[in-house]
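Shown next: coords_5.tsv, containing TSV, C-alpha atoms and all ligand atoms.
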chain	number	residue	atom	x	y	z
A	1	HIS	CA	-9.24	-5.81	13.12
A	2	VAL	CA	-6.68	-4.23	10.75
A	3	VAL	CA	-4.14	-1.65	11.91
A	4	VAL	CA	-2.57	0.46	9.17
A	5	VAL	CA	0.58	2.40	10.08
A	6	GLY	CA	1.46	5.07	7.57
A	7	SER	CA	1.28	8.43	5.89
A	8	PHE	CA	-1.44	10.96	5.26
A	9	ASN	CA	-0.84	13.67	2.65
A	10	VAL	CA	-2.88	16.43	1.17
A	11	ASP	CA	-2.33	16.08	-2.58
A	12	HIS	CA	-2.24	19.28	-4.66
A	13	VAL	CA	-2.55	18.31	-8.31
A	14	TRP	CA	-2.10	20.59	-11.31
A	15	THR	CA	-2.91	19.31	-14.79
A	16	VAL	CA	-0.74	21.26	-17.23
A	17	ALA	CA	0.01	21.11	-20.98
A	18	SER	CA	3.71	20.58	-20.24
A	19	LEU	CA	5.69	20.18	-17.02
A	20	PRO	CA	7.05	23.53	-15.74
A	21	ARG	CA	10.71	24.29	-16.43
A	22	PRO	CA	13.00	26.40	-14.21
A	23	GLY	CA	11.83	30.03	-14.22
A	24	GLU	CA	8.60	29.20	-16.03
A	25	THR	CA	5.13	30.19	-14.81
A	26	LEU	CA	2.21	28.16	-16.13
A	27	SER	CA	-1.46	27.97	-15.42
A	28	GLY	CA	-3.28	24.67	-15.17
A	29	HIS	CA	-6.34	22.93	-13.86
A	30	TYR	CA	-6.05	22.38	-10.07
A	31	HIS	CA	-7.63	19.93	-7.70
A	32	THR	CA	-6.84	18.78	-4.19
A	33	GLY	CA	-7.70	15.72	-2.15
A	34	PRO	CA	-6.43	13.21	0.39
A	35	GLY	CA	-3.48	10.96	-0.34
A	36	GLY	CA	-0.55	9.20	1.26
A	37	LYS	CA	-0.13	5.45	0.90
A	38	GLY	CA	-1.07	4.82	4.52
A	39	PHE	CA	-4.35	6.67	4.33
A	40	ASN	CA	-5.25	5.20	0.93
A	41	GLN	CA	-4.65	1.68	2.27
A	42	ALA	CA	-6.57	2.36	5.48
A	43	THR	CA	-9.51	3.63	3.42
A	44	ALA	CA	-9.37	0.51	1.24
A	45	ALA	CA	-9.23	-1.80	4.28
A	46	ALA	CA	-12.20	-0.05	5.91
A	47	ARG	CA	-14.32	-0.02	2.76
A	48	ALA	CA	-13.44	-3.67	2.13
A	49	GLY	CA	-15.18	-4.32	5.43
A	50	ALA	CA	-12.44	-4.40	8.07
A	51	ASP	CA	-12.68	-2.70	11.44
A	52	THR	CA	-9.68	-0.44	10.78
A	53	SER	CA	-7.35	1.72	12.88
A	54	PHE	CA	-4.95	4.17	11.25
A	55	VAL	CA	-1.79	5.10	13.15
A	56	CYS	CA	-0.29	8.28	11.71
A	57	ALA	CA	1.07	11.76	12.46
A	58	LEU	CA	-0.82	14.95	11.60
A	59	GLY	CA	-0.19	18.68	11.82
A	60	ASP	CA	-2.43	21.15	13.62
A	61	ASP	CA	-3.79	22.55	10.35
A	62	LEU	CA	-6.41	22.15	7.63
A	63	GLY	CA	-4.76	18.95	6.39
A	64	GLY	CA	-5.09	17.42	9.85
A	65	GLN	CA	-8.75	18.44	9.97
A	66	LEU	CA	-9.31	16.85	6.56
A	67	ALA	CA	-7.76	13.58	7.76
A	68	ARG	CA	-10.01	13.54	10.85
A	69	ALA	CA	-13.16	14.25	8.86
A	70	LEU	CA	-12.41	11.62	6.22
A	71	ALA	CA	-11.44	8.97	8.76
A	72	ALA	CA	-14.68	9.61	10.67
A	73	ALA	CA	-16.72	9.34	7.46
A	74	ASP	CA	-15.26	5.88	6.76
A	75	GLY	CA	-15.43	4.70	10.37
A	76	ILE	CA	-11.62	4.52	10.64
A	77	HIS	CA	-10.29	4.76	14.20
A	78	LEU	CA	-7.64	7.46	13.99
A	79	ARG	CA	-4.61	7.17	16.29
A	80	ASP	CA	-2.78	10.34	15.35
A	81	LEU	CA	0.33	11.86	16.84
A	82	PRO	CA	-0.25	15.64	16.97
A	83	CYS	CA	2.75	17.43	15.47
A	84	GLU	CA	4.02	20.98	15.14
A	85	ALA	CA	5.20	20.13	11.66
A	86	PRO	CA	2.60	20.62	8.91
A	87	THR	CA	0.51	17.69	7.74
A	88	GLY	CA	2.21	15.87	4.84
A	89	THR	CA	1.71	17.31	1.37
A	90	ALA	CA	2.37	16.30	-2.21
A	91	GLY	CA	2.65	18.77	-5.10
A	92	ILE	CA	1.92	16.95	-8.35
A	93	TYR	CA	2.09	18.22	-11.93
A	94	VAL	CA	0.60	16.00	-14.63
A	95	ASP	CA	1.12	16.81	-18.31
A	96	GLY	CA	-1.02	16.01	-21.36
A	97	ASP	CA	0.82	12.70	-21.88
A	98	GLY	CA	0.18	11.58	-18.30
A	99	ARG	CA	3.80	12.14	-17.23
A	100	ASN	CA	4.21	13.65	-13.79
A	101	SER	CA	6.61	15.56	-11.54
A	102	ILE	CA	6.04	15.16	-7.83
A	103	VAL	CA	7.41	16.85	-4.73
A	104	ILE	CA	6.51	15.32	-1.38
A	105	GLY	CA	6.74	17.28	1.87
A	106	PRO	CA	6.67	14.52	4.51
A	107	GLY	CA	6.01	17.08	7.28
A	108	ALA	CA	4.33	15.36	10.22
A	109	ASN	CA	4.66	11.90	8.60
A	110	ALA	CA	8.40	12.01	9.34
A	111	GLU	CA	7.69	12.38	13.06
A	112	LEU	CA	5.83	9.12	13.65
A	113	SER	CA	7.81	7.64	16.51
A	114	VAL	CA	8.56	4.37	18.27
A	115	GLU	CA	7.22	5.93	21.49
A	116	PHE	CA	3.90	6.83	19.92
A	117	VAL	CA	3.48	3.36	18.43
A	118	GLY	CA	4.29	1.90	21.85
A	119	GLN	CA	1.54	4.00	23.45
A	120	HIS	CA	-0.97	2.18	21.25
A	121	ALA	CA	0.07	-1.35	22.14
A	122	GLY	CA	-3.59	-2.06	22.99
A	123	THR	CA	-4.67	-1.23	19.44
A	124	PHE	CA	-2.06	-3.60	18.05
A	125	GLY	CA	-3.00	-6.25	20.57
A	126	ALA	CA	-6.46	-6.48	18.99
A	127	ALA	CA	-5.13	-6.70	15.39
A	128	ALA	CA	-5.31	-9.69	13.07
A	129	VAL	CA	-3.24	-7.83	10.46
A	130	VAL	CA	-0.82	-4.90	10.71
A	131	LEU	CA	-0.13	-3.18	7.38
A	132	ALA	CA	2.63	-0.61	6.76
A	133	GLN	CA	4.55	1.10	3.95
A	134	LEU	CA	7.83	3.02	3.67
A	135	GLU	CA	6.46	6.57	3.81
A	136	SER	CA	6.89	6.48	7.60
A	137	PRO	CA	10.10	6.25	9.65
A	138	VAL	CA	11.43	2.68	9.61
A	139	PRO	CA	11.93	2.49	13.42
A	140	ALA	CA	8.20	3.24	13.95
A	141	VAL	CA	7.22	0.54	11.43
A	142	GLU	CA	9.58	-1.94	13.07
A	143	ALA	CA	8.03	-1.17	16.45
A	144	ALA	CA	4.56	-1.77	14.97
A	145	PHE	CA	5.64	-5.10	13.46
A	146	ALA	CA	7.23	-6.16	16.74
A	147	LEU	CA	3.87	-5.53	18.44
A	148	ALA	CA	2.15	-7.46	15.64
A	149	ARG	CA	4.39	-10.41	16.26
A	150	ARG	CA	3.73	-10.27	19.99
A	151	SER	CA	-0.03	-10.39	19.48
A	152	GLY	CA	0.09	-13.05	16.75
A	153	ALA	CA	-1.04	-10.63	14.03
A	154	LEU	CA	0.21	-10.92	10.45
A	155	ALA	CA	2.70	-8.20	9.47
A	156	LEU	CA	2.17	-7.01	5.90
A	157	LEU	CA	4.77	-4.68	4.38
A	158	ASN	CA	4.12	-2.78	1.16
A	159	PRO	CA	7.74	-1.70	0.44
A	160	ALA	CA	6.76	1.49	-1.37
A	161	PRO	CA	7.88	3.94	-2.65
A	162	ALA	CA	10.67	2.21	-4.56
A	163	ASP	CA	13.37	4.70	-3.55
A	164	ALA	CA	12.80	4.14	0.17
A	165	VAL	CA	14.98	1.67	2.05
A	166	ALA	CA	13.54	-1.43	3.71
A	167	PRO	CA	16.48	-2.59	5.85
A	168	ALA	CA	17.00	-6.30	6.49
A	169	SER	CA	15.88	-5.77	10.10
A	170	LEU	CA	12.45	-4.64	8.83
A	171	LEU	CA	12.11	-7.42	6.23
A	172	ALA	CA	12.88	-9.89	9.00
A	173	LEU	CA	9.73	-8.78	10.85
A	174	ALA	CA	7.40	-9.00	7.81
A	175	ASP	CA	5.25	-12.08	7.12
A	176	VAL	CA	4.21	-10.86	3.66
A	177	ILE	CA	5.67	-8.20	1.37
A	178	THR	CA	3.80	-6.76	-1.61
A	179	PRO	CA	6.16	-4.85	-3.91
A	180	ASN	CA	5.16	-3.78	-7.42
A	181	GLU	CA	7.63	-4.58	-10.23
A	182	THR	CA	9.82	-1.51	-9.64
A	183	GLU	CA	9.85	-2.01	-5.88
A	184	PHE	CA	10.69	-5.72	-6.22
A	185	CYS	CA	13.67	-4.91	-8.43
A	186	ALA	CA	14.80	-2.17	-6.04
A	187	GLN	CA	14.76	-4.67	-3.16
A	188	LEU	CA	16.68	-7.31	-5.15
A	189	VAL	CA	19.29	-4.76	-6.14
A	190	ARG	CA	19.66	-3.51	-2.58
A	191	HIS	CA	19.60	-6.79	-0.66
A	192	LEU	CA	20.99	-9.30	-3.15
A	193	GLY	CA	23.14	-7.04	-5.33
A	194	GLU	CA	21.32	-8.21	-8.47
A	195	ARG	CA	21.42	-6.16	-11.65
A	196	LEU	CA	17.80	-6.02	-12.65
A	197	SER	CA	15.46	-3.29	-13.86
A	198	ALA	CA	11.68	-3.35	-13.85
A	199	ASP	CA	11.47	-3.51	-17.67
A	200	GLN	CA	13.36	-6.83	-17.58
A	201	LEU	CA	10.90	-8.37	-15.12
A	202	PRO	CA	8.21	-9.44	-17.61
A	203	GLY	CA	10.91	-11.48	-19.39
A	204	LEU	CA	11.70	-13.57	-16.31
A	205	ASP	CA	10.20	-17.03	-15.93
A	206	ASP	CA	8.35	-18.09	-12.79
A	207	ASP	CA	11.25	-20.17	-11.42
A	208	THR	CA	13.60	-17.19	-11.56
A	209	LEU	CA	11.08	-14.93	-9.85
A	210	HIS	CA	10.33	-17.58	-7.24
A	211	SER	CA	14.01	-17.96	-6.48
A	212	GLY	CA	14.42	-14.17	-6.14
A	213	CYS	CA	11.46	-14.04	-3.75
A	214	ARG	CA	12.81	-16.91	-1.69
A	215	ARG	CA	16.17	-15.26	-1.28
A	216	LEU	CA	14.64	-11.88	-0.48
A	217	LEU	CA	12.21	-13.18	2.15
A	218	PRO	CA	13.19	-16.75	3.09
A	219	HIS	CA	10.68	-16.92	5.94
A	220	GLY	CA	7.70	-15.15	4.36
A	221	SER	CA	5.52	-14.67	1.32
A	222	VAL	CA	6.17	-12.28	-1.54
A	223	VAL	CA	3.40	-10.94	-3.75
A	224	ILE	CA	4.65	-8.96	-6.75
A	225	THR	CA	1.85	-6.84	-8.21
A	226	LEU	CA	2.05	-6.62	-11.99
A	227	GLY	CA	-0.53	-3.96	-12.90
A	228	ALA	CA	-2.88	-5.19	-15.62
A	229	ALA	CA	-1.14	-8.61	-15.43
A	230	GLY	CA	-2.36	-9.24	-11.87
A	231	CYS	CA	0.22	-10.60	-9.47
A	232	PHE	CA	2.92	-13.22	-8.99
A	233	VAL	CA	2.95	-15.04	-5.66
A	234	SER	CA	5.71	-16.88	-3.86
A	235	HIS	CA	3.87	-18.17	-0.85
A	236	ALA	CA	5.56	-19.56	2.25
A	237	GLU	CA	3.78	-21.85	4.63
A	238	GLY	CA	3.91	-20.37	8.09
A	239	ALA	CA	1.30	-18.39	9.88
A	240	LEU	CA	-0.63	-18.54	6.61
A	241	ARG	CA	-2.61	-21.43	5.24
A	242	GLY	CA	-1.63	-22.74	1.85
A	243	ASP	CA	0.79	-25.03	0.12
A	244	ALA	CA	4.37	-25.17	1.30
A	245	ARG	CA	6.35	-22.53	-0.62
A	246	ALA	CA	4.44	-22.60	-3.86
A	247	CYS	CA	4.48	-20.07	-6.66
A	248	TYR	CA	1.58	-19.11	-8.86
A	249	ARG	CA	0.04	-16.18	-10.67
A	250	VAL	CA	-3.32	-14.57	-10.10
A	251	PRO	CA	-4.66	-12.79	-13.19
A	252	ALA	CA	-6.06	-9.25	-12.91
A	253	ALA	CA	-9.81	-8.73	-12.91
A	254	ALA	CA	-11.46	-7.87	-16.22
A	255	VAL	CA	-12.16	-4.15	-15.83
A	256	LYS	CA	-12.17	-0.96	-17.88
A	257	ALA	CA	-9.36	0.91	-16.14
A	258	VAL	CA	-9.60	4.70	-16.33
A	259	ASP	CA	-7.13	5.66	-13.55
A	260	THR	CA	-4.69	3.21	-11.96
A	261	THR	CA	-3.49	5.73	-9.33
A	262	GLY	CA	-3.67	3.98	-5.99
A	263	ALA	CA	-4.29	0.51	-7.46
A	264	GLY	CA	-1.48	-0.86	-5.34
A	265	ASP	CA	-2.95	0.80	-2.25
A	266	ALA	CA	-6.36	-0.71	-3.03
A	267	PHE	CA	-4.73	-4.13	-3.40
A	268	ASN	CA	-2.92	-3.90	-0.05
A	269	GLY	CA	-5.91	-2.61	1.91
A	270	ALA	CA	-8.18	-5.28	0.46
A	271	LEU	CA	-5.64	-8.05	1.06
A	272	ALA	CA	-5.30	-6.99	4.70
A	273	ALA	CA	-9.09	-6.83	5.16
A	274	SER	CA	-9.59	-10.24	3.56
A	275	LEU	CA	-6.85	-11.87	5.67
A	276	ALA	CA	-8.42	-10.43	8.82
A	277	ALA	CA	-12.00	-11.43	7.91
A	278	ARG	CA	-11.36	-14.95	6.66
A	279	PRO	CA	-8.45	-16.50	8.56
A	280	ASP	CA	-9.42	-19.94	7.29
A	281	ALA	CA	-9.46	-19.09	3.58
A	282	SER	CA	-6.49	-19.97	1.38
A	283	PHE	CA	-3.91	-17.31	0.53
A	284	ALA	CA	-4.96	-17.60	-3.13
A	285	ASP	CA	-8.55	-16.74	-2.17
A	286	HIS	CA	-7.37	-13.57	-0.44
A	287	LEU	CA	-5.41	-12.60	-3.53
A	288	HIS	CA	-8.42	-13.20	-5.78
A	289	TYR	CA	-10.34	-10.76	-3.62
A	290	ALA	CA	-7.48	-8.22	-3.71
A	291	VAL	CA	-7.17	-8.25	-7.53
A	292	ARG	CA	-10.91	-7.77	-7.89
A	293	TYR	CA	-10.99	-4.98	-5.34
A	294	ALA	CA	-7.96	-3.24	-6.92
A	295	GLY	CA	-9.35	-3.77	-10.42
A	296	LEU	CA	-12.64	-2.12	-9.51
A	297	SER	CA	-10.75	0.82	-7.96
A	298	THR	CA	-9.16	1.54	-11.36
A	299	GLU	CA	-12.58	2.12	-12.91
A	300	ARG	CA	-12.87	5.34	-10.89
A	301	ALA	CA	-10.61	8.42	-10.86
A	302	GLY	CA	-8.50	9.20	-7.81
A	303	ALA	CA	-6.89	7.15	-5.03
A	304	ALA	CA	-8.62	7.17	-1.60
A	305	VAL	CA	-11.84	8.57	-3.07
A	306	ALA	CA	-11.90	5.75	-5.66
A	307	MET	CA	-11.82	2.88	-3.15
A	308	PRO	CA	-14.90	0.70	-3.68
A	309	ARG	CA	-17.01	-0.90	-0.98
A	310	ASP	CA	-17.05	-4.63	-0.34
A	311	ALA	CA	-20.66	-4.80	-1.55
A	312	ASP	CA	-19.68	-3.09	-4.86
A	313	VAL	CA	-16.94	-5.69	-5.38
A	314	ARG	CA	-19.29	-8.58	-4.70
A	315	ALA	CA	-22.00	-7.16	-6.95
A	316	ARG	CA	-19.57	-6.40	-9.79
A	317	PHE	CA	-17.95	-9.84	-9.80
A	318	ALA	CA	-20.95	-11.97	-8.82
A	319	ALA	CA	-20.62	-15.29	-10.60
B	1	LIG	P1	1.06	0.03	-8.06
B	1	LIG	O1	-0.14	0.91	-8.11
B	1	LIG	O2	1.65	-0.09	-6.70
B	1	LIG	O3	2.08	0.29	-9.12
B	1	LIG	P2	0.11	-2.21	-9.67
B	1	LIG	O4	0.12	-1.29	-10.83
B	1	LIG	O5	0.91	-3.45	-9.76
B	1	LIG	O6	0.51	-1.47	-8.31
B	1	LIG	O7	-1.43	-2.59	-9.38
B	1	LIG	C1	-1.83	-3.28	-8.22
B	1	LIG	C2	-2.94	-4.25	-8.58
B	1	LIG	O8	-4.05	-3.50	-9.10
B	1	LIG	C3	-2.59	-5.28	-9.64
B	1	LIG	O9	-2.04	-6.42	-9.04
B	1	LIG	C4	-3.95	-5.55	-10.27
B	1	LIG	O10	-4.63	-6.53	-9.51
B	1	LIG	C5	-4.68	-4.22	-10.14
B	1	LIG	N1	-4.56	-3.43	-11.39
B	1	LIG	C6	-3.70	-2.43	-11.66
B	1	LIG	N2	-3.85	-1.97	-12.91
B	1	LIG	C7	-4.85	-2.70	-13.47
B	1	LIG	C8	-5.49	-2.71	-14.75
B	1	LIG	N3	-5.12	-1.88	-15.73
B	1	LIG	N4	-6.47	-3.62	-14.94
B	1	LIG	C9	-6.86	-4.49	-13.96
B	1	LIG	N5	-6.29	-4.51	-12.75
B	1	LIG	C10	-5.30	-3.64	-12.49
Could you show the structure in this file as structure tokens?
Amino acid sequence: HVVVVGSFNVDHVWTVASLPRPGETLSGHYHTGPGGKGFNQATAAARAGADTSFVCALGDDLGGQLARALAAADGIHLRDLPCEAPTGTAGIYVDGDGRNSIVIGPGANAELSVEFVGQHAGTFGAAAVVLAQLESPVPAVEAAFALARRSGALALLNPAPADAVAPASLLALADVITPNETEFCAQLVRHLGERLSADQLPGLDDDTLHSGCRRLLPHGSVVITLGAAGCFVSHAEGALRGDARACYRVPAAAVKAVDTTGAGDAFNGALAASLAARPDASFADHLHYAVRYAGLSTERAGAAVAMPRDADVRARFAA
């Protein structure tokens, strides 16, 4: 059983020739759909085969209804805090060069509380993996990870988005963190005072990365996702099977990527599902599954809607 704690947003996306400037009115192609890192990751975990619960906060509005309908369609057990605030939204403009401007209205997502998480202790008690991100209030995520620890579940933190703060008290509760390059650098800058930007990361050798990971999360494993380059792993022996603190890389799957939106979410949901389903497999095996799952998700447009099913992954990468 996987419990995802996180955000649900209704994404409003306008494709425009150029991004709007102050005072400007443009017309563009519009589409809407579900989003939010929490919901994307819950969808990925469920479609990767895990019995999945999603702990979130929703408004009493059309967005909340959408979340309920989509969760039901994927068999996700919804544990939602009903809020007076509107369901989370994201307004996204994308220009002809693929650049974007985004405004997020956290709405109900900002109201997820320690109390509400505590009311669902039973859900956490049945979990093998608890997965969270930084689009929800940190105290609520810490409460979820504390429950994970109590029930012997693995706590997986995807420290995204990069501009959100993961305090040391939260990192201390995580068994595995899964930043992308930008998020990894943001954490190193914040916690270790290092001067490092994401464009310098590809130039770093494995020993330097390994040492950064070790200092950032001395007790746990760090998986840095590297887009089309797969991921770098600094794996700590602990609750997880594997070699004592080893570092290695897992290459990305060979795919024809058309839209990498939500690739990180696909990776996290699939990693959580794999860890829950195969507790005896090696950490590297779980990561091989996650890169394949995430790779296949990039062959389809969209985030939550693009999440493949476990059977699709197995068929696509059958040896
Ligand atoms: P995020 O979406 O959080 O920025 P990444 O871009 O690092 O995360 O992607 C997460 C994972 O998705 C990667 O580790 C990789 O396995 C897979 N992935 C992303 N982009 C591609 C791509 N172009 N080709 C193959 N796999 C990809």
Pull the closest atom pair for each residue of chain A that gets at most 7 Å from ligand LIG 1 (chain B), along with the distance in Å to one decimal, counting all atoms listed in the file, ordering rows by chain and then ascending residue number, as a Markdown table.
| residue | atom | partner | partner_atom | distance |
| --- | --- | --- | --- | --- |
| A:Asn180 | CA | B:LIG1 | O5 | 4.9 |
| A:Glu181 | CA | B:LIG1 | O5 | 6.8 |
| A:Thr225 | CA | B:LIG1 | O5 | 3.8 |
| A:Leu226 | CA | B:LIG1 | O5 | 4.0 |
| A:Gly227 | CA | B:LIG1 | O4 | 3.4 |
| A:Ala228 | CA | B:LIG1 | C8 | 3.7 |
| A:Ala229 | CA | B:LIG1 | C4 | 6.6 |
| A:Gly230 | CA | B:LIG1 | O9 | 4.0 |
| A:Cys231 | CA | B:LIG1 | O9 | 4.8 |
| A:Ala252 | CA | B:LIG1 | O10 | 4.6 |
| A:Ala253 | CA | B:LIG1 | C9 | 5.3 |
| A:Ala254 | CA | B:LIG1 | C9 | 6.1 |
| A:Val255 | CA | B:LIG1 | C9 | 5.6 |
| A:Lys256 | CA | B:LIG1 | N4 | 6.9 |
| A:Ala257 | CA | B:LIG1 | N3 | 5.1 |
| A:Thr260 | CA | B:LIG1 | N2 | 5.3 |
| A:Thr261 | CA | B:LIG1 | O1 | 6.0 |
| A:Gly262 | CA | B:LIG1 | O1 | 5.1 |
| A:Ala263 | CA | B:LIG1 | O1 | 4.2 |
| A:Gly264 | CA | B:LIG1 | O2 | 3.5 |
| A:Asp265 | CA | B:LIG1 | O2 | 6.5 |
| A:Phe267 | CA | B:LIG1 | C2 | 5.5 |
| A:Ala290 | CA | B:LIG1 | O10 | 6.7 |
| A:Val291 | CA | B:LIG1 | O10 | 3.7 |
| A:Arg292 | CA | B:LIG1 | O10 | 6.6 |
| A:Ala294 | CA | B:LIG1 | O8 | 4.5 |
| A:Gly295 | CA | B:LIG1 | N5 | 3.9 |
| A:Thr298 | CA | B:LIG1 | C7 | 6.4 |
Point-to-point distance in Å for CA of Ala127 (chain A) and CA of Ala148 (chain A): 7.3 Å
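Using only C-alpha atoms, the smallest distance between any of A:Ala44, A:Leu147, A:Leu209, A:Val129 and Leu275 (chain A) comes from A:Val129.
Put simply, CA of Thr178 (chain A) is 13.3 Å away from CA of Leu154 (chain A).
Note that the spacing between CA of Gly203 (chain A) and CA of Phe232 (chain A) amounts to 13.2 Å.
Using all atoms listed in the file for every distance, the candidate list A:Glu24, A:Asp11, A:Asp61, A:Asp74 yields A:Asp11 as the residue closest to Gly105 (chain A).
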Got a sec: who's within 12 Å of Ala143 (chain A), counting all atoms listed in the file, leaving out chain neighbours fewer than 2 positions off, as a ChimeraX atom specification? /A:5,112-121,124,130,132,136-141,145-150,155,169-170,173-174
Generate a file of the selected residues that holds C-alpha atoms, formatted as a PDB file, in the coordinates of the input.
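Listed below is the output, result_39.pdb:
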ATOM      1  CA  VAL A   5       0.580   2.400  10.080  1.00  0.00           C
ATOM      2  CA  LEU A 112       5.830   9.120  13.650  1.00  0.00           C
ATOM      3  CA  SER A 113       7.810   7.640  16.510  1.00  0.00           C
ATOM      4  CA  VAL A 114       8.560   4.370  18.270  1.00  0.00           C
ATOM      5  CA  GLU A 115       7.220   5.930  21.490  1.00  0.00           C
ATOM      6  CA  PHE A 116       3.900   6.830  19.920  1.00  0.00           C
ATOM      7  CA  VAL A 117       3.480   3.360  18.430  1.00  0.00           C
ATOM      8  CA  GLY A 118       4.290   1.900  21.850  1.00  0.00           C
ATOM      9  CA  GLN A 119       1.540   4.000  23.450  1.00  0.00           C
ATOM     10  CA  HIS A 120      -0.970   2.180  21.250  1.00  0.00           C
ATOM     11  CA  ALA A 121       0.070  -1.350  22.140  1.00  0.00           C
ATOM     12  CA  PHE A 124      -2.060  -3.600  18.050  1.00  0.00           C
ATOM     13  CA  VAL A 130      -0.820  -4.900  10.710  1.00  0.00           C
ATOM     14  CA  ALA A 132       2.630  -0.610   6.760  1.00  0.00           C
ATOM     15  CA  SER A 136       6.890   6.480   7.600  1.00  0.00           C
ATOM     16  CA  PRO A 137      10.100   6.250   9.650  1.00  0.00           C
ATOM     17  CA  VAL A 138      11.430   2.680   9.610  1.00  0.00           C
ATOM     18  CA  PRO A 139      11.930   2.490  13.420  1.00  0.00           C
ATOM     19  CA  ALA A 140       8.200   3.240  13.950  1.00  0.00           C
ATOM     20  CA  VAL A 141       7.220   0.540  11.430  1.00  0.00           C
ATOM     21  CA  PHE A 145       5.640  -5.100  13.460  1.00  0.00           C
ATOM     22  CA  ALA A 146       7.230  -6.160  16.740  1.00  0.00           C
ATOM     23  CA  LEU A 147       3.870  -5.530  18.440  1.00  0.00           C
ATOM     24  CA  ALA A 148       2.150  -7.460  15.640  1.00  0.00           C
ATOM     25  CA  ARG A 149       4.390 -10.410  16.260  1.00  0.00           C
ATOM     26  CA  ARG A 150       3.730 -10.270  19.990  1.00  0.00           C
ATOM     27  CA  ALA A 155       2.700  -8.200   9.470  1.00  0.00           C
ATOM     28  CA  SER A 169      15.880  -5.770  10.100  1.00  0.00           C
ATOM     29  CA  LEU A 170      12.450  -4.640   8.830  1.00  0.00           C
ATOM     30  CA  LEU A 173       9.730  -8.780  10.850  1.00  0.00           C
ATOM     31  CA  ALA A 174       7.400  -9.000   7.810  1.00  0.00           C
TER      32      ALA A 174
END
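Closest approach to Ile102 (chain A) from the set A:Val233, A:Leu19, A:Ala272, A:Ala67 is made by A:Leu19, with distances taken over all atoms listed in the file.
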Minimum-distance residue to Ser221 (chain A), chosen among A:Pro202, A:Leu157, A:Ser297, A:Val305 (using all atoms listed in the file): A:Leu157
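Restricting the calculation to only C-alpha atoms, the smallest distance between Ile76 (chain A) and any of A:Val4, A:Val313, A:Ala128, A:Leu26 is found for A:Val4.
Of the residues under consideration (A:Ser274, A:Gln200, A:Gln187, A:Asn40), A:Gln187 shows the shortest atom-to-atom contact distance to Leu216 (chain A) when counting all atoms listed in the file.
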